[in-house]
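Structure, as structure tokens:
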Number of protein chains: 2
Amino acid sequence: MTENLLEVRVPKDGWDLAGFLPYRLSVVSNTISGDLARLYAERYGLGVPEWRVVAILGSFGRMTASDVVERTAMDKVQVSRSVARLKEAGHLERVVDAADRRRAHLSLTERGRALFTDIVPRAEARIERLLRSVSEEDRRTIDRAVGILEQAAGSLAQADG
Amino acid sequence: MTENLLEVRVPKDGWDLAGFLPYRLSVVSNTISGDLARLYAERYGLGVPEWRVVAILGSFGRMTASDVVERTAMDKVQVSRSVARLKEAGHLERVVDAADRRRAHLSLTERGRALFTDIVPRAEARIERLLRSVSEEDRRTIDRAVGILEQAAGSLAQADG
DNA sequence: GGAAATTAGTTTCTAATGAAACTAATTCGG
DNA sequence: CCGAATTAGTTTCATTAGAAACTAATTTCC
């Protein structure tokens with residue numbers, strides 16, 4: 001009765017994509033992210049990567065683009081472009097570092113901070129709606145599971161690819 | 001001590017993207033999918049959408065493109081293109097339905113089936129490597145959590161967007 | 001039976017993506 | 001110090017994704 005979880009069975013001629021962890025995760029994640037993406041786009045004209053940069057700066061304050069890359073696991077091209085758009089829109093400002101002029105410190109402007117404090121509760125509300133019918137205990141299960149996966153995926157990331 | 005899981009706290013001036021469920025899920029999911037995508041691409045010259053179509057047909061046998069869309073939550077454009085490439089590569093064949101000539105039945109060719117049976121164990125092995133250090137109990141936690149999320153996300157999907 | 005609506009699937013067009021090359025500033029090694 | 005290597009960040013370019021329009025076949029409904 002060892003159920004062979006997450007691994008499913010090797011195909012004689014029936015193997016089920018729908019039971020395959022990476023696939024299931026991507027469907028779930030895309031569905032949820034898509035829902036939020038709609039919120040950001042419709043209401044604020046903001047793409048997901050931009051929102052992430054806002055969220056990071058809103059959460060942790062001033063930092064460089066490289067710091068953002070490190071914290072978000074976004075790639076630097078995406079960060080660079082998001083920053084450009086956000087600056088354009090007046091949501092953040094760049095201050096070139098005096099000591100090392102390759103680097104620039106990013107921080108939210110007044111406008112950017114307003115955006116941040118406006119979005120966060122709405123995003124929370126979306127998640128709350130999603131989890132409306134999920135019990136407190138099940139939420140803990142989710143939280144725990146994601147933590148486990150983060151750790152596992154982390155080791156994967158550093159062990160090359 | 002109610003810990004307010006997954007919801008975190010509303011920003012006075014500290015709200016943490018890194019604790020935000022959609023974000024965490026997308027990082028985890030992208031890391032894992034990225035790893036597999038590399039396998040498909042390097043070894044078989046196959047993109048993720050193509051692989052999904054192969055996996056579905058390999059798992060469930062003959063079906064139409066619409067059926068594939070329904071089972072995978074991929075969009076129809078992506079399915080259409082994947083099918084075209086797979087046909088080109090000789091991995092699947094299309095048989096137009098006699099009764100309804102808009103529809104075509106897709107199934108793996110010999111080659112396609114060989115591809116499928118070759119990939120599946122390798123994909124499984126990757127997942128096994130990922131979960132190497134994860135206990136049986138934690139695997140069950142993951143499985144349960146993803147199931148809960150699937151259900152929650154499912155209700156989200158049908159309640160418009 | 002035939003115009004209008006629906007469905008299956010494809011094509012087109014634009015925007016997003018990411019790898020790789022590039023620029024500019026800094027550090028390292030001798 | 002000064003040339004080579006490194007680092008921060010940007011730009012270019014080719015691919016990919018996805019929305020919307022489109023084609024073709026089939027239903028619906030009067």
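Letters A, B, ... go to the chains of the structure tokens in the order shown; residues in each chain start at 1; ligands are counted from 1 in the same order.
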Using only C-alpha atoms (C1' of nucleotides), I'd like a table of the residues in region 4-29 of chain C that come within 10 Å of region 57-76 of chain B; for each, show the closest atom pair and its distance in Å rounded to one decimal, ordered by chain and ascending number, as JSON lines.
```
{"residue": "C:DA8", "atom": "C1'", "partner": "B:Ser66", "partner_atom": "CA", "distance": 7.5}
{"residue": "C:DG9", "atom": "C1'", "partner": "B:Lys76", "partner_atom": "CA", "distance": 8.0}
{"residue": "C:DT10", "atom": "C1'", "partner": "B:Lys76", "partner_atom": "CA", "distance": 9.8}
```
Margin query: Near chain B, meaning an atom within 8 Å, which residues of chain A appear when counting only C-alpha atoms? Write them as JSON, numbers by chain.
Written below: {"A": [5, 6, 7, 10, 11, 13, 14, 15, 16, 17, 18, 22, 23, 24, 25, 26, 27, 28, 29, 30, 31, 32, 33, 35, 52, 55, 56, 58, 59, 60, 72, 73, 117, 120, 121, 124, 127, 128, 130, 131, 133, 134, 138, 139, 140, 141, 142, 143, 144, 145, 146, 148, 149, 150, 152, 153, 156, 157, 161]}
Keeping C-alpha atoms for every residue in the selection just given, could you write it to a file as a PDB file, in the first residue's frame?
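Saved file again-v6.pdb follows:
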```pdb
ATOM      1  CA  LEU A   5       2.900   9.946  -3.811  1.00  0.00           C
ATOM      2  CA  LEU A   6       3.747  12.682  -6.287  1.00  0.00           C
ATOM      3  CA  GLU A   7       5.657  10.208  -8.257  1.00  0.00           C
ATOM      4  CA  VAL A  10       5.698   4.764 -14.664  1.00  0.00           C
ATOM      5  CA  PRO A  11       3.740   4.431 -17.883  1.00  0.00           C
ATOM      6  CA  ASP A  13       0.242   2.978 -20.931  1.00  0.00           C
ATOM      7  CA  GLY A  14      -1.319   5.221 -18.405  1.00  0.00           C
ATOM      8  CA  TRP A  15       0.530   7.976 -16.741  1.00  0.00           C
ATOM      9  CA  ASP A  16      -1.288  10.961 -15.565  1.00  0.00           C
ATOM     10  CA  LEU A  17      -0.041  14.452 -16.238  1.00  0.00           C
ATOM     11  CA  ALA A  18      -2.767  15.691 -13.944  1.00  0.00           C
ATOM     12  CA  PRO A  22       5.193  20.486 -11.598  1.00  0.00           C
ATOM     13  CA  TYR A  23       2.174  20.564 -13.817  1.00  0.00           C
ATOM     14  CA  ARG A  24      -0.264  20.883 -10.960  1.00  0.00           C
ATOM     15  CA  LEU A  25       1.780  23.645  -9.398  1.00  0.00           C
ATOM     16  CA  SER A  26       1.989  25.579 -12.597  1.00  0.00           C
ATOM     17  CA  VAL A  27      -1.743  25.404 -13.201  1.00  0.00           C
ATOM     18  CA  VAL A  28      -2.512  26.533  -9.674  1.00  0.00           C
ATOM     19  CA  SER A  29       0.108  29.235  -9.691  1.00  0.00           C
ATOM     20  CA  ASN A  30      -0.919  30.575 -13.084  1.00  0.00           C
ATOM     21  CA  THR A  31      -4.552  30.682 -12.139  1.00  0.00           C
ATOM     22  CA  ILE A  32      -3.862  32.653  -8.987  1.00  0.00           C
ATOM     23  CA  SER A  33      -1.272  34.946 -10.521  1.00  0.00           C
ATOM     24  CA  ASP A  35      -6.277  36.695 -11.219  1.00  0.00           C
ATOM     25  CA  ARG A  52       6.908  43.062  -7.665  1.00  0.00           C
ATOM     26  CA  ALA A  55       6.217  45.516  -3.448  1.00  0.00           C
ATOM     27  CA  ILE A  56       9.857  44.910  -2.653  1.00  0.00           C
ATOM     28  CA  GLY A  58       7.548  49.157  -0.373  1.00  0.00           C
ATOM     29  CA  SER A  59       8.429  46.329   1.950  1.00  0.00           C
ATOM     30  CA  PHE A  60      12.096  46.876   2.467  1.00  0.00           C
ATOM     31  CA  THR A  72      12.855  38.379  -6.041  1.00  0.00           C
ATOM     32  CA  ALA A  73      14.640  35.850  -8.205  1.00  0.00           C
ATOM     33  CA  THR A 117      -0.447  51.125   0.247  1.00  0.00           C
ATOM     34  CA  VAL A 120      -1.601  45.680  -0.798  1.00  0.00           C
ATOM     35  CA  PRO A 121      -4.979  45.444   0.927  1.00  0.00           C
ATOM     36  CA  GLU A 124      -4.767  40.573   0.271  1.00  0.00           C
ATOM     37  CA  ILE A 127      -6.212  36.032  -1.673  1.00  0.00           C
ATOM     38  CA  GLU A 128      -8.760  36.070   1.064  1.00  0.00           C
ATOM     39  CA  LEU A 130      -9.529  32.682  -2.984  1.00  0.00           C
ATOM     40  CA  LEU A 131      -9.118  31.065   0.399  1.00  0.00           C
ATOM     41  CA  SER A 133     -13.659  28.373   1.970  1.00  0.00           C
ATOM     42  CA  VAL A 134     -10.319  27.049   3.157  1.00  0.00           C
ATOM     43  CA  ASP A 138      -5.740  23.825   5.605  1.00  0.00           C
ATOM     44  CA  ARG A 139      -4.117  27.215   5.306  1.00  0.00           C
ATOM     45  CA  ARG A 140      -1.427  26.075   7.625  1.00  0.00           C
ATOM     46  CA  THR A 141      -0.992  22.988   5.470  1.00  0.00           C
ATOM     47  CA  ILE A 142      -0.544  25.186   2.422  1.00  0.00           C
ATOM     48  CA  ASP A 143       1.888  27.409   4.197  1.00  0.00           C
ATOM     49  CA  ARG A 144       3.917  24.461   5.362  1.00  0.00           C
ATOM     50  CA  ALA A 145       3.902  22.790   1.960  1.00  0.00           C
ATOM     51  CA  VAL A 146       5.078  25.896   0.162  1.00  0.00           C
ATOM     52  CA  ILE A 148       8.976  22.723   2.078  1.00  0.00           C
ATOM     53  CA  LEU A 149       8.942  23.283  -1.660  1.00  0.00           C
ATOM     54  CA  GLU A 150      10.827  26.536  -1.340  1.00  0.00           C
ATOM     55  CA  ALA A 152      13.684  21.895  -1.955  1.00  0.00           C
ATOM     56  CA  ALA A 153      13.625  24.220  -4.948  1.00  0.00           C
ATOM     57  CA  LEU A 156      17.909  22.745  -6.814  1.00  0.00           C
ATOM     58  CA  ALA A 157      18.674  26.310  -7.834  1.00  0.00           C
ATOM     59  CA  GLY A 161      20.678  23.184 -13.265  1.00  0.00           C
TER      60      GLY A 161
END
```
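The residues of chain A lying at most 9 Å from chain D, with only C-alpha atoms (C1' of nucleotides) taken into account, are Ala65, Ser66, Lys76, Val77, Ser80, Arg81, Arg101, Arg102, Arg103 and Ala104 of chain A.
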Within 9 Å of chain A, which residues of chain C show up? Give each one with its shortest atom-to-atom distance in Å (one decimal) and the two atoms involved, counting only C-alpha atoms (C1' of nucleotides), rows by chain then rising residue number, as a tab-separated table.
```
residue	atom	partner	partner_atom	distance
C:DT17	C1'	A:Gln78	CA	8.5
C:DG18	C1'	A:Val77	CA	7.9
C:DA24	C1'	A:Arg102	CA	7.3
C:DA25	C1'	A:Arg102	CA	5.4
C:DT26	C1'	A:Asp100	CA	7.4
```
Export of prior selection with C-alpha atoms (C1' of nucleotides) as a short mmCIF file (atom, residue, chain, number, x, y, z; two decimals), in the first residue's frame:
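File again-v2.cif, as written:
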```cif
data_model
loop_
_atom_site.label_atom_id
_atom_site.label_comp_id
_atom_site.auth_asym_id
_atom_site.auth_seq_id
_atom_site.Cartn_x
_atom_site.Cartn_y
_atom_site.Cartn_z
"C1'" DT C 17 10.41 37.43 -22.64
"C1'" DG C 18 15.14 36.12 -22.14
"C1'" DA C 24 30.43 52.14 -18.26
"C1'" DA C 25 32.47 52.05 -13.77
"C1'" DT C 26 35.30 49.60 -10.54
#
```
Next item on the list: Run DSSP on the backbone and give me the residues of region 2-156 of chain A it puts in alpha helix (DSSP H), as a VMD selection string.
Entry: chain A and resid 21 to 44 48 to 60 65 to 72 76 to 88 110 to 130 136 to 156
Output C-alpha atoms of each residue in that selection to a file, as an mmCIF file, in the first residue's frame.
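Okay, out-v2.cif is ready:
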```
data_model
loop_
_atom_site.group_PDB
_atom_site.id
_atom_site.type_symbol
_atom_site.label_atom_id
_atom_site.label_comp_id
_atom_site.auth_asym_id
_atom_site.auth_seq_id
_atom_site.Cartn_x
_atom_site.Cartn_y
_atom_site.Cartn_z
ATOM 1 C CA LEU A 21 3.526 17.893 -9.348
ATOM 2 C CA PRO A 22 5.193 20.486 -11.598
ATOM 3 C CA TYR A 23 2.174 20.564 -13.817
ATOM 4 C CA ARG A 24 -0.264 20.883 -10.960
ATOM 5 C CA LEU A 25 1.780 23.645 -9.398
ATOM 6 C CA SER A 26 1.989 25.579 -12.597
ATOM 7 C CA VAL A 27 -1.743 25.404 -13.201
ATOM 8 C CA VAL A 28 -2.512 26.533 -9.674
ATOM 9 C CA SER A 29 0.108 29.235 -9.691
ATOM 10 C CA ASN A 30 -0.919 30.575 -13.084
ATOM 11 C CA THR A 31 -4.552 30.682 -12.139
ATOM 12 C CA ILE A 32 -3.862 32.653 -8.987
ATOM 13 C CA SER A 33 -1.272 34.946 -10.521
ATOM 14 C CA GLY A 34 -3.521 35.556 -13.484
ATOM 15 C CA ASP A 35 -6.277 36.695 -11.219
ATOM 16 C CA LEU A 36 -4.012 39.171 -9.473
ATOM 17 C CA ALA A 37 -2.411 40.267 -12.708
ATOM 18 C CA ARG A 38 -5.827 41.353 -13.844
ATOM 19 C CA LEU A 39 -6.207 43.458 -10.742
ATOM 20 C CA TYR A 40 -2.874 45.201 -11.241
ATOM 21 C CA ALA A 41 -3.428 45.758 -14.926
ATOM 22 C CA GLU A 42 -7.024 46.899 -14.909
ATOM 23 C CA ARG A 43 -6.841 49.112 -11.908
ATOM 24 C CA TYR A 44 -3.302 50.433 -12.046
ATOM 25 C CA VAL A 48 3.310 41.718 -12.519
ATOM 26 C CA PRO A 49 7.058 42.422 -12.659
ATOM 27 C CA GLU A 50 6.467 46.116 -11.967
ATOM 28 C CA TRP A 51 4.227 45.292 -9.085
ATOM 29 C CA ARG A 52 6.908 43.062 -7.665
ATOM 30 C CA VAL A 53 9.440 45.828 -7.720
ATOM 31 C CA VAL A 54 6.979 48.152 -6.031
ATOM 32 C CA ALA A 55 6.217 45.516 -3.448
ATOM 33 C CA ILE A 56 9.857 44.910 -2.653
ATOM 34 C CA LEU A 57 10.699 48.573 -2.353
ATOM 35 C CA GLY A 58 7.548 49.157 -0.373
ATOM 36 C CA SER A 59 8.429 46.329 1.950
ATOM 37 C CA PHE A 60 12.096 46.876 2.467
ATOM 38 C CA ALA A 65 18.482 46.878 -8.778
ATOM 39 C CA SER A 66 20.830 44.030 -7.932
ATOM 40 C CA ASP A 67 19.343 43.792 -4.473
ATOM 41 C CA VAL A 68 15.916 43.544 -6.072
ATOM 42 C CA VAL A 69 17.150 40.755 -8.318
ATOM 43 C CA GLU A 70 18.499 38.903 -5.338
ATOM 44 C CA ARG A 71 15.332 39.219 -3.307
ATOM 45 C CA THR A 72 12.855 38.379 -6.041
ATOM 46 C CA LYS A 76 18.000 41.568 -14.174
ATOM 47 C CA VAL A 77 16.584 42.431 -17.577
ATOM 48 C CA GLN A 78 13.111 42.307 -16.196
ATOM 49 C CA VAL A 79 14.076 44.408 -13.231
ATOM 50 C CA SER A 80 15.795 46.924 -15.434
ATOM 51 C CA ARG A 81 12.724 47.292 -17.606
ATOM 52 C CA SER A 82 10.337 47.441 -14.695
ATOM 53 C CA VAL A 83 12.421 50.136 -13.073
ATOM 54 C CA ALA A 84 12.462 52.148 -16.271
ATOM 55 C CA ARG A 85 8.694 52.028 -16.543
ATOM 56 C CA LEU A 86 8.126 52.812 -12.913
ATOM 57 C CA LYS A 87 10.454 55.772 -13.106
ATOM 58 C CA GLU A 88 8.679 56.927 -16.229
ATOM 59 C CA GLU A 110 5.293 59.624 -2.688
ATOM 60 C CA ARG A 111 3.194 58.409 -5.589
ATOM 61 C CA GLY A 112 4.790 55.002 -5.529
ATOM 62 C CA ARG A 113 4.210 54.633 -1.838
ATOM 63 C CA ALA A 114 0.578 55.607 -2.293
ATOM 64 C CA LEU A 115 0.261 52.981 -4.986
ATOM 65 C CA PHE A 116 1.782 50.399 -2.728
ATOM 66 C CA THR A 117 -0.447 51.125 0.247
ATOM 67 C CA ASP A 118 -3.423 51.131 -2.072
ATOM 68 C CA ILE A 119 -2.661 47.805 -3.707
ATOM 69 C CA VAL A 120 -1.601 45.680 -0.798
ATOM 70 C CA PRO A 121 -4.979 45.444 0.927
ATOM 71 C CA ARG A 122 -6.693 44.738 -2.373
ATOM 72 C CA ALA A 123 -4.256 41.981 -3.188
ATOM 73 C CA GLU A 124 -4.767 40.573 0.271
ATOM 74 C CA ALA A 125 -8.491 40.691 -0.275
ATOM 75 C CA ARG A 126 -8.136 38.698 -3.474
ATOM 76 C CA ILE A 127 -6.212 36.032 -1.673
ATOM 77 C CA GLU A 128 -8.760 36.070 1.064
ATOM 78 C CA ARG A 129 -11.481 35.550 -1.495
ATOM 79 C CA LEU A 130 -9.529 32.682 -2.984
ATOM 80 C CA GLU A 136 -7.451 27.678 9.104
ATOM 81 C CA GLU A 137 -5.860 24.283 9.349
ATOM 82 C CA ASP A 138 -5.740 23.825 5.605
ATOM 83 C CA ARG A 139 -4.117 27.215 5.306
ATOM 84 C CA ARG A 140 -1.427 26.075 7.625
ATOM 85 C CA THR A 141 -0.992 22.988 5.470
ATOM 86 C CA ILE A 142 -0.544 25.186 2.422
ATOM 87 C CA ASP A 143 1.888 27.409 4.197
ATOM 88 C CA ARG A 144 3.917 24.461 5.362
ATOM 89 C CA ALA A 145 3.902 22.790 1.960
ATOM 90 C CA VAL A 146 5.078 25.896 0.162
ATOM 91 C CA GLY A 147 7.838 26.264 2.693
ATOM 92 C CA ILE A 148 8.976 22.723 2.078
ATOM 93 C CA LEU A 149 8.942 23.283 -1.660
ATOM 94 C CA GLU A 150 10.827 26.536 -1.340
ATOM 95 C CA GLN A 151 13.541 24.785 0.490
ATOM 96 C CA ALA A 152 13.684 21.895 -1.955
ATOM 97 C CA ALA A 153 13.625 24.220 -4.948
ATOM 98 C CA GLY A 154 16.315 26.342 -3.314
ATOM 99 C CA SER A 155 18.740 23.462 -3.194
ATOM 100 C CA LEU A 156 17.909 22.745 -6.814
#
```
Check: Between CA of His105 (chain B) and CA of Glu93 (chain B), what is the distance, to one decimal in Å?
Finding: 8.0 Å
